[in-house]
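For reference, the structure discussed in these notes is given below.
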Amino acid sequence: MNEIIAVATITILTVISPGPDFAMVTRNSYSYGTKIGLICALGIAIGVQVHVLYTIFGVTLIIMNSPMLFFVIKLLGVAYLIYIGFKSFTNKSKISATNETVSSLSVFAAFKNGFLTNALNPKTMFFVVSVYTQVIQSGNSLLLNFSYGLFISFVHWVWFSLIAIFFAAPLIRVKILKYQFIVDKIIGLLLILLGISLLFFNIQ
């Protein structure tokens with residue numbers, strides 16, 4: 001029970017804090033509507049499992065003891081967030097809130113955005129590692145360890161689905177899209193800054 005409470009508390013407090021996942025879901029939701037926002041949220045939840053899998057099977061030990069490998073992971077995360085942020089910052093395509101049938105983002109692209117944003121985020125890696133180092137015991141079954149990972153993904157999915165529904169709500173969406181280019185630039189700049197900040201996120 002103590003392990004469950006620890007996982008739940010750490011996960012909820014970490015997930016609701018703003019970061020790249022929040023920015024990605026927000027932009028996809030007000031830009032393309034509820035469906036795309038929810039798919040992006042699902043991608044984020046599945047992306048968490050990448051960190052869970054290599055944590056459980058010990059690959060994290062290799063990453064944490066290989067500064068070069070960790071640096072490569074950071075560069076991939078930085079490059080992806082800066083790329084998406086730059087696209088948002090320089091976007092010149094006006095989106096109509098009354099025409100949701102026209103979307104320049106496919107379901108696959110929305111899922112990929114969410115998945116890669118989370119899977120390439122070293123901060124998520126250390127969040128998952130910190131959770132497991134607190135709750136994993138030598139006597140734990142593999143099923144129990146995977147259950148913790150599924151719970152972490154579930155919380156991500158629920159929270160970011162709520163974010164998607166909120167920002168894709170007609171009233172909210174119409175208001176945001178009135179100032180679309182300004183909001184796009186703010187979100188884009190936020191993603192770029194979040195990406196650059198990962199360069200200063202160290203193992204220690």
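Starting from 1 in every chain, residues are counted up; chains themselves are A, B, ... following the order of the structure tokens, and ligands are numbered from 1 as listed.
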Just want the 12 Å neighbourhood of A:Pro18, counted on only C-alpha atoms, with same-chain residues fewer than 3 positions away dropped. Output as a short mmCIF file (atom, residue, chain, number, x, y, z; two decimals) with N, CA and C atoms, in the first residue's frame.
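The resulting part_31.cif:
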data_model
loop_
_atom_site.label_atom_id
_atom_site.label_comp_id
_atom_site.auth_asym_id
_atom_site.auth_seq_id
_atom_site.Cartn_x
_atom_site.Cartn_y
_atom_site.Cartn_z
N LEU A 13 1.72 14.52 -9.14
CA LEU A 13 2.38 15.83 -8.99
C LEU A 13 3.30 16.14 -10.16
N THR A 14 3.96 15.13 -10.69
CA THR A 14 4.88 15.35 -11.80
C THR A 14 4.13 15.58 -13.11
N VAL A 15 3.10 14.80 -13.35
CA VAL A 15 2.37 14.88 -14.62
C VAL A 15 1.67 16.23 -14.79
N ASP A 21 5.13 18.03 -22.89
CA ASP A 21 3.90 17.29 -23.17
C ASP A 21 2.68 18.21 -23.13
N PHE A 22 2.63 19.06 -22.11
CA PHE A 22 1.52 20.00 -21.96
C PHE A 22 1.44 20.94 -23.16
N ALA A 23 2.58 21.49 -23.56
CA ALA A 23 2.61 22.42 -24.69
C ALA A 23 2.18 21.74 -25.98
N MET A 24 2.63 20.50 -26.19
CA MET A 24 2.30 19.78 -27.42
C MET A 24 0.81 19.48 -27.51
N VAL A 25 0.22 18.98 -26.42
CA VAL A 25 -1.20 18.66 -26.42
C VAL A 25 -2.04 19.92 -26.57
N THR A 26 -1.64 20.97 -25.89
CA THR A 26 -2.38 22.24 -25.97
C THR A 26 -2.46 22.75 -27.39
N TRP A 159 -4.75 12.80 -17.68
CA TRP A 159 -4.49 14.23 -17.51
C TRP A 159 -4.44 14.95 -18.85
N PHE A 160 -3.69 14.41 -19.80
CA PHE A 160 -3.54 15.11 -21.07
C PHE A 160 -4.78 14.98 -21.96
N ILE A 163 -6.72 17.86 -20.72
CA ILE A 163 -6.16 19.08 -21.31
C ILE A 163 -6.64 19.24 -22.74
N ILE A 187 3.53 29.28 -27.81
CA ILE A 187 3.73 27.84 -27.66
C ILE A 187 5.04 27.42 -28.32
N LEU A 190 7.91 28.49 -26.23
CA LEU A 190 7.96 27.65 -25.04
C LEU A 190 8.61 26.31 -25.33
N LEU A 191 8.22 25.69 -26.45
CA LEU A 191 8.81 24.40 -26.83
C LEU A 191 10.30 24.53 -27.12
N LEU A 194 12.00 24.99 -23.76
CA LEU A 194 11.98 23.72 -23.04
C LEU A 194 13.00 22.75 -23.62
#
| Contacts of A:Val52 within 8 Å, only C-alpha atoms, excl. fewer than 2 positions in-chain, as an MDAnalysis selection string | chainID A and resid 48:50 54:56 128 146 149
| said: If we count only C-alpha atoms and set the cut-off at 10 Å, which residues sit around stretch 175-181 of chain A, ignoring sequence neighbours fewer than 4 positions away in its own chain? Please answer as JSON, numbers by chain. | reply: {"A": [27, 30, 31, 88, 89, 90, 91, 92, 93, 94, 95, 96, 97, 167, 168, 170, 171, 185, 186, 187]}
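Nearest residue to A:Ile172, choosing from A:Thr34, A:Thr9, A:Phe108, A:Leu198 and counting only C-alpha atoms: A:Thr34.
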